[in-house]
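Colleague: Contents are PDB, C-alpha atoms, pLDDT in the B column; file name work.pdb:
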```pdb
ATOM      1  CA  GLY A1480     -55.700 -25.414 -16.542  1.00 74.00           C
ATOM      2  CA  HIS A1481     -52.567 -26.281 -14.626  1.00 83.00           C
ATOM      3  CA  ALA A1482     -50.504 -25.142 -11.653  1.00 83.00           C
ATOM      4  CA  VAL A1483     -46.768 -24.415 -11.789  1.00 84.00           C
ATOM      5  CA  PHE A1484     -44.585 -23.839  -8.741  1.00 83.00           C
ATOM      6  CA  ASN A1485     -41.301 -21.923  -9.023  1.00 82.00           C
ATOM      7  CA  GLU A1486     -41.909 -21.057 -12.645  1.00 81.00           C
ATOM      8  CA  GLY A1487     -38.884 -19.369 -14.116  1.00 81.00           C
ATOM      9  CA  GLY A1488     -36.442 -21.359 -11.965  1.00 79.00           C
ATOM     10  CA  ILE A1489     -36.908 -19.445  -8.721  1.00 83.00           C
ATOM     11  CA  ASP A1490     -34.879 -21.024  -5.904  1.00 86.00           C
ATOM     12  CA  ALA A1491     -37.833 -21.467  -3.538  1.00 89.00           C
ATOM     13  CA  ASP A1492     -38.361 -24.810  -1.810  1.00 92.00           C
ATOM     14  CA  PHE A1493     -41.778 -26.421  -1.710  1.00 92.00           C
ATOM     15  CA  ARG A1494     -42.990 -28.364   1.316  1.00 95.00           C
ATOM     16  CA  VAL A1495     -46.169 -30.294   2.187  1.00 96.00           C
ATOM     17  CA  GLU A1496     -46.930 -31.272   5.770  1.00 96.00           C
ATOM     18  CA  SER A1497     -49.068 -34.150   7.003  1.00 95.00           C
ATOM     19  CA  ASP A1498     -50.596 -34.743  10.422  1.00 94.00           C
ATOM     20  CA  GLY A1499     -47.437 -36.433  11.726  1.00 91.00           C
ATOM     21  CA  ASN A1500     -44.682 -35.374   9.337  1.00 94.00           C
ATOM     22  CA  ALA A1501     -43.479 -31.845   8.641  1.00 95.00           C
ATOM     23  CA  ASN A1502     -41.729 -33.045   5.471  1.00 96.00           C
ATOM     24  CA  MET A1503     -44.270 -35.390   3.960  1.00 96.00           C
ATOM     25  CA  LEU A1504     -43.249 -33.970   0.595  1.00 97.00           C
ATOM     26  CA  TYR A1505     -40.262 -31.677   0.131  1.00 96.00           C
ATOM     27  CA  VAL A1506     -38.952 -30.210  -3.122  1.00 95.00           C
ATOM     28  CA  ASP A1507     -35.424 -28.823  -2.816  1.00 95.00           C
ATOM     29  CA  SER A1508     -35.346 -26.370  -5.708  1.00 92.00           C
ATOM     30  CA  GLY A1509     -31.684 -25.462  -5.327  1.00 91.00           C
ATOM     31  CA  SER A1510     -30.425 -29.059  -5.640  1.00 94.00           C
ATOM     32  CA  ASP A1511     -33.198 -30.421  -7.907  1.00 94.00           C
ATOM     33  CA  ARG A1512     -34.149 -33.118  -5.396  1.00 96.00           C
ATOM     34  CA  VAL A1513     -37.410 -34.445  -3.974  1.00 97.00           C
ATOM     35  CA  GLY A1514     -37.777 -35.833  -0.466  1.00 97.00           C
ATOM     36  CA  ILE A1515     -40.597 -37.922   0.969  1.00 97.00           C
ATOM     37  CA  GLY A1516     -40.381 -37.960   4.736  1.00 96.00           C
ATOM     38  CA  THR A1517     -37.179 -35.904   4.747  1.00 96.00           C
ATOM     39  CA  GLY A1518     -36.368 -32.203   4.423  1.00 96.00           C
ATOM     40  CA  SER A1519     -32.789 -32.868   3.260  1.00 96.00           C
ATOM     41  CA  PRO A1520     -32.945 -35.203   0.261  1.00 97.00           C
ATOM     42  CA  SER A1521     -29.533 -36.472  -0.823  1.00 96.00           C
ATOM     43  CA  GLN A1522     -30.650 -38.005  -4.130  1.00 96.00           C
ATOM     44  CA  PRO A1523     -33.040 -36.944  -6.909  1.00 97.00           C
ATOM     45  CA  LEU A1524     -35.687 -38.982  -5.023  1.00 97.00           C
ATOM     46  CA  HIS A1525     -35.079 -39.693  -1.341  1.00 97.00           C
ATOM     47  CA  VAL A1526     -37.657 -41.623   0.733  1.00 96.00           C
ATOM     48  CA  HIS A1527     -37.231 -41.878   4.504  1.00 95.00           C
ATOM     49  CA  THR A1528     -39.291 -43.172   7.400  1.00 93.00           C
ATOM     50  CA  SER A1529     -38.628 -44.262  10.966  1.00 90.00           C
ATOM     51  CA  ASN A1530     -41.930 -46.111  11.238  1.00 88.00           C
ATOM     52  CA  ALA A1531     -41.841 -49.898  11.551  1.00 80.00           C
ATOM     53  CA  LEU A1532     -43.571 -51.165   8.412  1.00 85.00           C
ATOM     54  CA  THR A1533     -43.761 -54.916   7.891  1.00 88.00           C
ATOM     55  CA  ALA A1534     -44.817 -54.419   4.271  1.00 87.00           C
ATOM     56  CA  GLY A1535     -41.806 -52.225   3.424  1.00 89.00           C
ATOM     57  CA  VAL A1536     -41.178 -48.529   2.858  1.00 91.00           C
ATOM     58  CA  ALA A1537     -42.629 -48.505  -0.667  1.00 92.00           C
ATOM     59  CA  ARG A1538     -45.253 -50.609  -2.402  1.00 91.00           C
ATOM     60  CA  PHE A1539     -45.810 -50.976  -6.142  1.00 92.00           C
ATOM     61  CA  GLN A1540     -49.033 -52.708  -7.149  1.00 92.00           C
ATOM     62  CA  TYR A1541     -50.194 -53.791 -10.568  1.00 93.00           C
ATOM     63  CA  ASP A1542     -53.593 -55.272 -11.291  1.00 93.00           C
ATOM     64  CA  GLY A1543     -53.181 -56.699 -14.782  1.00 89.00           C
ATOM     65  CA  ASP A1544     -51.944 -59.709 -16.724  1.00 88.00           C
ATOM     66  CA  ASN A1545     -48.512 -61.344 -16.982  1.00 91.00           C
ATOM     67  CA  ASN A1546     -47.355 -59.477 -20.080  1.00 90.00           C
ATOM     68  CA  TYR A1547     -46.187 -56.309 -18.324  1.00 91.00           C
ATOM     69  CA  GLU A1548     -43.532 -55.318 -15.803  1.00 92.00           C
ATOM     70  CA  VAL A1549     -44.298 -54.005 -12.352  1.00 93.00           C
ATOM     71  CA  ILE A1550     -40.942 -52.230 -11.912  1.00 94.00           C
ATOM     72  CA  ARG A1551     -38.213 -51.503 -14.462  1.00 94.00           C
ATOM     73  CA  VAL A1552     -34.647 -50.405 -13.661  1.00 95.00           C
ATOM     74  CA  GLU A1553     -33.072 -49.126 -16.860  1.00 96.00           C
ATOM     75  CA  SER A1554     -29.667 -47.752 -17.848  1.00 96.00           C
ATOM     76  CA  LEU A1555     -29.577 -45.461 -20.870  1.00 96.00           C
ATOM     77  CA  GLY A1556     -26.601 -46.244 -23.099  1.00 94.00           C
ATOM     78  CA  ASN A1557     -23.815 -48.819 -22.982  1.00 96.00           C
ATOM     79  CA  TYR A1558     -23.655 -48.968 -19.196  1.00 95.00           C
ATOM     80  CA  ASP A1559     -24.166 -51.506 -16.419  1.00 95.00           C
ATOM     81  CA  CYS A1560     -27.643 -51.654 -14.922  1.00 96.00           C
ATOM     82  CA  GLN A1561     -27.282 -52.390 -11.231  1.00 95.00           C
ATOM     83  CA  ILE A1562     -28.973 -52.150  -7.836  1.00 96.00           C
ATOM     84  CA  GLY A1563     -26.841 -51.533  -4.752  1.00 95.00           C
ATOM     85  CA  PHE A1564     -27.387 -52.381  -1.091  1.00 95.00           C
ATOM     86  CA  LEU A1565     -25.810 -50.842   2.012  1.00 95.00           C
ATOM     87  CA  VAL A1566     -26.026 -51.766   5.685  1.00 96.00           C
ATOM     88  CA  ASP A1567     -25.087 -48.403   7.195  1.00 95.00           C
ATOM     89  CA  GLY A1568     -24.016 -49.494  10.694  1.00 95.00           C
ATOM     90  CA  ASP A1569     -20.885 -49.469  12.823  1.00 97.00           C
ATOM     91  CA  THR A1570     -19.394 -51.496   9.976  1.00 97.00           C
ATOM     92  CA  ASP A1571     -20.642 -50.832   6.449  1.00 96.00           C
ATOM     93  CA  TYR A1572     -21.594 -53.846   4.325  1.00 95.00           C
ATOM     94  CA  TYR A1573     -22.284 -53.464   0.627  1.00 95.00           C
ATOM     95  CA  GLY A1574     -23.885 -55.762  -1.902  1.00 95.00           C
ATOM     96  CA  GLY A1575     -25.286 -55.504  -5.380  1.00 95.00           C
ATOM     97  CA  PHE A1576     -26.670 -57.254  -8.409  1.00 96.00           C
ATOM     98  CA  GLY A1577     -27.486 -56.349 -11.967  1.00 97.00           C
ATOM     99  CA  ILE A1578     -26.576 -56.665 -15.637  1.00 97.00           C
ATOM    100  CA  ASP A1579     -22.881 -56.234 -16.471  1.00 96.00           C
ATOM    101  CA  TYR A1580     -22.957 -54.615 -19.907  1.00 95.00           C
ATOM    102  CA  SER A1581     -19.164 -54.707 -20.213  1.00 93.00           C
ATOM    103  CA  ASP A1582     -19.175 -58.514 -19.731  1.00 95.00           C
ATOM    104  CA  ALA A1583     -21.606 -59.686 -22.422  1.00 96.00           C
ATOM    105  CA  GLY A1584     -24.689 -58.664 -20.436  1.00 96.00           C
ATOM    106  CA  LYS A1585     -24.235 -61.285 -17.715  1.00 97.00           C
ATOM    107  CA  PHE A1586     -26.408 -61.009 -14.617  1.00 97.00           C
ATOM    108  CA  LYS A1587     -24.208 -60.866 -11.499  1.00 97.00           C
ATOM    109  CA  LEU A1588     -24.457 -60.932  -7.719  1.00 96.00           C
ATOM    110  CA  GLN A1589     -21.523 -59.595  -5.710  1.00 93.00           C
ATOM    111  CA  THR A1590     -20.107 -58.044  -2.546  1.00 93.00           C
ATOM    112  CA  ASP A1591     -20.178 -54.432  -3.697  1.00 93.00           C
ATOM    113  CA  ASN A1592     -22.832 -51.946  -4.718  1.00 92.00           C
ATOM    114  CA  LEU A1593     -21.135 -51.585  -8.123  1.00 92.00           C
ATOM    115  CA  LEU A1594     -20.398 -54.423 -10.547  1.00 90.00           C
ATOM    116  CA  SER A1595     -16.968 -52.927 -11.193  1.00 87.00           C
ATOM    117  CA  GLY A1596     -15.923 -53.486  -7.563  1.00 84.00           C
ATOM    118  CA  GLY A1597     -16.041 -56.134  -4.868  1.00 82.00           C
ATOM    119  CA  SER A1598     -15.978 -59.897  -5.353  1.00 88.00           C
ATOM    120  CA  ASN A1599     -18.229 -61.759  -7.744  1.00 90.00           C
ATOM    121  CA  LEU A1600     -20.413 -64.289  -5.918  1.00 92.00           C
ATOM    122  CA  MET A1601     -22.615 -65.669  -8.676  1.00 95.00           C
ATOM    123  CA  THR A1602     -22.998 -65.142 -12.419  1.00 97.00           C
ATOM    124  CA  TRP A1603     -25.784 -66.037 -14.810  1.00 97.00           C
ATOM    125  CA  ALA A1604     -24.572 -65.954 -18.431  1.00 97.00           C
ATOM    126  CA  ARG A1605     -26.848 -65.268 -21.389  1.00 97.00           C
ATOM    127  CA  ASP A1606     -26.424 -68.844 -22.678  1.00 97.00           C
ATOM    128  CA  GLY A1607     -27.850 -70.303 -19.458  1.00 96.00           C
ATOM    129  CA  LYS A1608     -24.562 -71.220 -17.767  1.00 97.00           C
ATOM    130  CA  VAL A1609     -24.239 -70.424 -14.050  1.00 97.00           C
ATOM    131  CA  GLY A1610     -20.984 -69.600 -12.304  1.00 95.00           C
ATOM    132  CA  ILE A1611     -20.372 -69.662  -8.537  1.00 93.00           C
ATOM    133  CA  GLY A1612     -17.092 -68.010  -7.629  1.00 89.00           C
ATOM    134  CA  THR A1613     -16.391 -67.321 -11.299  1.00 91.00           C
ATOM    135  CA  SER A1614     -17.737 -64.804 -13.801  1.00 93.00           C
ATOM    136  CA  GLY A1615     -16.813 -67.016 -16.766  1.00 94.00           C
ATOM    137  CA  PRO A1616     -18.768 -70.284 -16.403  1.00 95.00           C
ATOM    138  CA  THR A1617     -17.842 -72.944 -18.982  1.00 95.00           C
ATOM    139  CA  GLY A1618     -20.460 -75.538 -17.949  1.00 94.00           C
ATOM    140  CA  SER A1619     -24.120 -75.563 -16.969  1.00 94.00           C
ATOM    141  CA  VAL A1620     -22.969 -75.049 -13.369  1.00 92.00           C
ATOM    142  CA  HIS A1621     -19.349 -74.002 -12.801  1.00 93.00           C
ATOM    143  CA  LEU A1622     -17.966 -73.843  -9.252  1.00 90.00           C
ATOM    144  CA  LYS A1623     -14.586 -72.295  -8.467  1.00 87.00           C
ATOM    145  CA  ASP A1624     -12.724 -72.396  -5.156  1.00 83.00           C
ATOM    146  CA  VAL A1625     -12.583 -68.789  -3.954  1.00 78.00           C
ATOM    147  CA  VAL A1626     -10.558 -69.607  -0.827  1.00 75.00           C
ATOM    148  CA  ASP A1627      -7.635 -71.238  -2.683  1.00 68.00           C
ATOM    149  CA  SER A1628      -5.986 -72.726   0.394  1.00 67.00           C
ATOM    150  CA  ALA A1629      -5.336 -76.171   1.852  1.00 67.00           C
ATOM    151  CA  GLY A1630      -8.380 -77.661   3.554  1.00 63.00           C
ATOM    152  CA  SER A1631     -10.929 -75.575   1.666  1.00 70.00           C
ATOM    153  CA  ASP A1632     -13.711 -77.311  -0.276  1.00 73.00           C
ATOM    154  CA  VAL A1633     -15.093 -76.279  -3.640  1.00 76.00           C
ATOM    155  CA  PHE A1634     -18.336 -78.155  -2.956  1.00 76.00           C
ATOM    156  CA  TYR A1635     -19.483 -79.003   0.554  1.00 73.00           C
ATOM    157  CA  VAL A1636     -22.550 -80.948   1.680  1.00 70.00           C
ATOM    158  CA  ALA A1637     -23.432 -80.895   5.371  1.00 69.00           C
ATOM    159  CA  GLN A1638     -25.132 -83.857   6.996  1.00 65.00           C
ATOM    160  CA  ASN A1639     -28.631 -83.501   8.392  1.00 64.00           C
ATOM    161  CA  THR A1640     -28.239 -84.230  12.098  1.00 62.00           C
ATOM    162  CA  SER A1641     -31.630 -85.978  12.168  1.00 61.00           C
ATOM    163  CA  SER A1642     -30.632 -88.531   9.533  1.00 61.00           C
ATOM    164  CA  SER A1643     -27.986 -91.261   9.449  1.00 61.00           C
ATOM    165  CA  ARG A1644     -27.572 -91.062   5.686  1.00 59.00           C
ATOM    166  CA  ILE A1645     -26.939 -88.183   3.338  1.00 60.00           C
ATOM    167  CA  ALA A1646     -26.898 -88.221  -0.460  1.00 54.00           C
ATOM    168  CA  GLY A1647     -23.919 -86.133  -1.540  1.00 72.00           C
ATOM    169  CA  TYR A1648     -25.277 -85.702  -5.027  1.00 76.00           C
ATOM    170  CA  GLN A1649     -27.265 -87.531  -7.658  1.00 78.00           C
ATOM    171  CA  VAL A1650     -27.135 -87.626 -11.450  1.00 81.00           C
ATOM    172  CA  LEU A1651     -30.520 -87.935 -13.153  1.00 80.00           C
ATOM    173  CA  ASP A1652     -31.533 -88.448 -16.770  1.00 79.00           C
ATOM    174  CA  GLU A1653     -34.253 -86.409 -18.473  1.00 82.00           C
ATOM    175  CA  SER A1654     -36.976 -88.721 -17.098  1.00 84.00           C
ATOM    176  CA  GLY A1655     -35.809 -88.120 -13.526  1.00 81.00           C
ATOM    177  CA  THR A1656     -34.274 -91.583 -13.056  1.00 81.00           C
ATOM    178  CA  VAL A1657     -31.180 -91.579 -10.830  1.00 78.00           C
ATOM    179  CA  SER A1658     -28.200 -93.062 -12.675  1.00 76.00           C
ATOM    180  CA  LEU A1659     -25.478 -92.202 -10.167  1.00 78.00           C
ATOM    181  CA  ALA A1660     -25.547 -91.454  -6.449  1.00 78.00           C
ATOM    182  CA  MET A1661     -22.759 -90.519  -4.071  1.00 77.00           C
ATOM    183  CA  GLN A1662     -23.553 -90.753  -0.380  1.00 74.00           C
ATOM    184  CA  TYR A1663     -22.190 -91.311   3.098  1.00 72.00           C
ATOM    185  CA  ASP A1664     -23.814 -93.803   5.478  1.00 69.00           C
ATOM    186  CA  ASN A1665     -23.211 -92.666   9.033  1.00 67.00           C
ATOM    187  CA  GLY A1666     -24.533 -95.974  10.349  1.00 65.00           C
ATOM    188  CA  VAL A1667     -21.633 -98.019   8.963  1.00 65.00           C
ATOM    189  CA  ASN A1668     -19.185 -95.131   8.530  1.00 66.00           C
ATOM    190  CA  ALA A1669     -18.803 -95.736   4.795  1.00 67.00           C
ATOM    191  CA  ALA A1670     -18.943 -93.647   1.638  1.00 71.00           C
ATOM    192  CA  SER A1671     -20.358 -95.183  -1.529  1.00 72.00           C
ATOM    193  CA  ILE A1672     -20.779 -94.470  -5.224  1.00 76.00           C
ATOM    194  CA  THR A1673     -23.649 -96.475  -6.663  1.00 74.00           C
ATOM    195  CA  ASN A1674     -26.059 -96.768  -9.550  1.00 74.00           C
ATOM    196  CA  PRO A1675     -29.408 -97.135  -7.744  1.00 67.00           C
ATOM    197  CA  ASN A1676     -31.192 -97.791 -11.027  1.00 67.00           C
ATOM    198  CA  ASN A1677     -29.541-101.129 -11.911  1.00 65.00           C
ATOM    199  CA  GLY A1678     -26.775-101.614  -9.360  1.00 59.00           C
ATOM    200  CA  SER A1679     -24.111-101.974 -12.043  1.00 58.00           C
ATOM    201  CA  LEU A1680     -21.611 -99.911 -10.080  1.00 61.00           C
ATOM    202  CA  ALA A1681     -20.882 -99.993  -6.357  1.00 63.00           C
ATOM    203  CA  VAL A1682     -17.740 -98.536  -4.839  1.00 65.00           C
ATOM    204  CA  TYR A1683     -17.476 -98.637  -1.013  1.00 60.00           C
ATOM    205  CA  LEU A1684     -14.855 -96.814   1.007  1.00 61.00           C
ATOM    206  CA  GLY A1685     -14.541 -97.743   4.694  1.00 60.00           C
ATOM    207  CA  GLY A1686     -17.058 -99.497   6.902  1.00 56.00           C
ATOM    208  CA  SER A1687     -17.890-103.219   6.783  1.00 51.00           C
ATOM    209  CA  ALA A1688     -18.653-103.314   3.052  1.00 52.00           C
ATOM    210  CA  ALA A1689     -16.014-104.616   0.649  1.00 49.00           C
ATOM    211  CA  ALA A1690     -13.656-101.761  -0.164  1.00 49.00           C
ATOM    212  CA  ASN A1691     -13.588-100.704  -3.823  1.00 51.00           C
ATOM    213  CA  ALA A1692     -16.027-103.463  -4.790  1.00 49.00           C
ATOM    214  CA  LEU A1693     -17.485-103.361  -8.292  1.00 49.00           C
ATOM    215  CA  ASP A1694     -20.694-105.294  -8.995  1.00 50.00           C
TER     216      ASP A1694
END
```
Written as structure tokens, that's how I'd like the structure from this file.
Modeller:
Amino acid sequence: GHAVFNEGGIDADFRVESDGNANMLYVDSGSDRVGIGTGSPSQPLHVHTSNALTAGVARFQYDGDNNYEVIRVESLGNYDCQIGFLVDGDTDYYGGFGIDYSDAGKFKLQTDNLLSGGSNLMTWARDGKVGIGTSGPTGSVHLKDVVDSAGSDVFYVAQNTSSSRIAGYQVLDESGTVSLAMQYDNGVNAASITNPNNGSLAVYLGGSAAANALD
């Protein structure tokens, strides 16, 4: 057998109380919405709690192998599939990420709850290229200056205050051997470009080392 509530489309709400919540489950028949913890659901499924829960408002558990999803967010048709975020405070802050169907299915992170709005922060293309500040990366990692003003840096590395030397960046081959290193030595106030592997290149700028010296 089975039980049916509001059969025939009767506009009669359904509510289940718990020991501490009068709207533990609420079915708003007139608006076709379900609320958990709220008697005025604003979406097809609206979950609300004021309790401090370190493990989150909802938990999805799966006790199986690695061949199945735990959660799937799916758009039906030729549409973007996106998740939006909102900090609903004195000032509202939005964010979002998802698959941009209209842009070759790229995965994007940006400053709006919809991929069609806001500013693009990061893009992962289907061919493996990653863009920061650009939605059209042309290299493995493509950085674009989003400030576009004098004094702004496209790539910035901050020095660790506990160390006198910082490696700006390194170029490694497939074996992990460093073939090029760019660093600043705070001890002698000099920047250098070197090949730590064989020392075939050494360019020093400033400090006591020979300026623009090539070994």
Colleague: Residues within 12 Å of A:Gly1556, please, as a list in words. Count all atoms listed in the file; anything in the same chain fewer than 3 positions from it doesn't count.
Modeller: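 Answer for this query is Glu1553, Asp1559, Cys1560, Tyr1580 and Ser1581 of chain A.
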Colleague: Using the chain letters and residue numbers of this document, give as a PDB file with C-alpha atoms, in the coordinates of the input the residues selected by the PyMOL selection byres ((chain A and resi 1593-1595) around 9).
Modeller:
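Written file, result-v5.pdb:
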```pdb
ATOM      1  CA  ASP A1559     -24.166 -51.506 -16.419  1.00 95.00           C
ATOM      2  CA  CYS A1560     -27.643 -51.654 -14.922  1.00 96.00           C
ATOM      3  CA  GLN A1561     -27.282 -52.390 -11.231  1.00 95.00           C
ATOM      4  CA  ILE A1562     -28.973 -52.150  -7.836  1.00 96.00           C
ATOM      5  CA  GLY A1563     -26.841 -51.533  -4.752  1.00 95.00           C
ATOM      6  CA  GLY A1574     -23.885 -55.762  -1.902  1.00 95.00           C
ATOM      7  CA  GLY A1575     -25.286 -55.504  -5.380  1.00 95.00           C
ATOM      8  CA  PHE A1576     -26.670 -57.254  -8.409  1.00 96.00           C
ATOM      9  CA  GLY A1577     -27.486 -56.349 -11.967  1.00 97.00           C
ATOM     10  CA  ILE A1578     -26.576 -56.665 -15.637  1.00 97.00           C
ATOM     11  CA  ASP A1579     -22.881 -56.234 -16.471  1.00 96.00           C
ATOM     12  CA  LYS A1587     -24.208 -60.866 -11.499  1.00 97.00           C
ATOM     13  CA  LEU A1588     -24.457 -60.932  -7.719  1.00 96.00           C
ATOM     14  CA  GLN A1589     -21.523 -59.595  -5.710  1.00 93.00           C
ATOM     15  CA  THR A1590     -20.107 -58.044  -2.546  1.00 93.00           C
ATOM     16  CA  ASP A1591     -20.178 -54.432  -3.697  1.00 93.00           C
ATOM     17  CA  ASN A1592     -22.832 -51.946  -4.718  1.00 92.00           C
ATOM     18  CA  GLY A1596     -15.923 -53.486  -7.563  1.00 84.00           C
ATOM     19  CA  GLY A1597     -16.041 -56.134  -4.868  1.00 82.00           C
ATOM     20  CA  SER A1598     -15.978 -59.897  -5.353  1.00 88.00           C
ATOM     21  CA  ASN A1599     -18.229 -61.759  -7.744  1.00 90.00           C
TER      22      ASN A1599
END
```
Colleague: Using the chain letters and residue numbers of this document, give as a PyMOL selection string the residues selected by the PyMOL selection byres ((chain A and resi 1634) around 9).
Modeller: chain A and resi 1622-1624+1632-1633+1635-1636
Colleague: The PyMOL selection byres ((chain A and resi 1527-1534) around 12) on the file shown: which residues, as a list in words?
Modeller: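 Given this file, the PyMOL selection byres ((chain A and resi 1527-1534) around 12) evaluates to Gly1499, Asn1500, Asn1502, Met1503, Leu1504, Tyr1505, Val1513, Gly1514, Ile1515, Gly1516, Thr1517, Gly1518, Ser1519, Pro1520, Ser1521, Gln1522, Leu1524, His1525, Val1526, Gly1535, Val1536, Ala1537, Arg1538 and Phe1539 of chain A.
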Colleague: For the residues selected in the previous step, produce a file with C-alpha atoms as a tab-separated table (two decimals), in the frame of the given file.
Modeller:
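Saved the output as result_27.tsv:
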```tsv
chain	number	residue	atom	x	y	z
A	1499	GLY	CA	-47.44	-36.43	11.73
A	1500	ASN	CA	-44.68	-35.37	9.34
A	1502	ASN	CA	-41.73	-33.04	5.47
A	1503	MET	CA	-44.27	-35.39	3.96
A	1504	LEU	CA	-43.25	-33.97	0.60
A	1505	TYR	CA	-40.26	-31.68	0.13
A	1513	VAL	CA	-37.41	-34.44	-3.97
A	1514	GLY	CA	-37.78	-35.83	-0.47
A	1515	ILE	CA	-40.60	-37.92	0.97
A	1516	GLY	CA	-40.38	-37.96	4.74
A	1517	THR	CA	-37.18	-35.90	4.75
A	1518	GLY	CA	-36.37	-32.20	4.42
A	1519	SER	CA	-32.79	-32.87	3.26
A	1520	PRO	CA	-32.94	-35.20	0.26
A	1521	SER	CA	-29.53	-36.47	-0.82
A	1522	GLN	CA	-30.65	-38.01	-4.13
A	1524	LEU	CA	-35.69	-38.98	-5.02
A	1525	HIS	CA	-35.08	-39.69	-1.34
A	1526	VAL	CA	-37.66	-41.62	0.73
A	1535	GLY	CA	-41.81	-52.22	3.42
A	1536	VAL	CA	-41.18	-48.53	2.86
A	1537	ALA	CA	-42.63	-48.50	-0.67
A	1538	ARG	CA	-45.25	-50.61	-2.40
A	1539	PHE	CA	-45.81	-50.98	-6.14
```
Colleague: For the atom pair atom CA of A:Phe1493 and atom CA of A:Pro1523, what is the interatomic distance in Å to one decimal place?
Modeller: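 If I compute the distance from atom CA of A:Phe1493 to atom CA of A:Pro1523, I get 14.6 Å.
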Colleague: Taking only C-alpha atoms into account, name the residue in A:Val1566, A:Val1552, A:Met1661, A:Val1620 that is nearest to A:Asp1606.
Modeller: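 Using only C-alpha atoms, A:Asp1606 sits closest to A:Val1620.
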Colleague: How far is it from atom CA of A:Asp1582 to atom CA of A:Ser1614, in Å with one decimal?
Modeller: 8.8 Å
Colleague: Atom CA of A:Ser1631 and atom CA of A:Gly1607, how far apart in Å?
Modeller: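 So the answer is 27.6 Å.
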Colleague: Taking all listed atoms of stretch 1601-1608 of chain A, build the axis-aligned box, pad each of the six sides by 6 Å, then write its centre and edge lengths in Å to one decimal as lines of an AutoDock Vina configuration file.
Modeller:
```
center_x = -25.2
center_y = -68.2
center_z = -15.7
size_x = 17.2
size_y = 18.1
size_z = 26.0
```
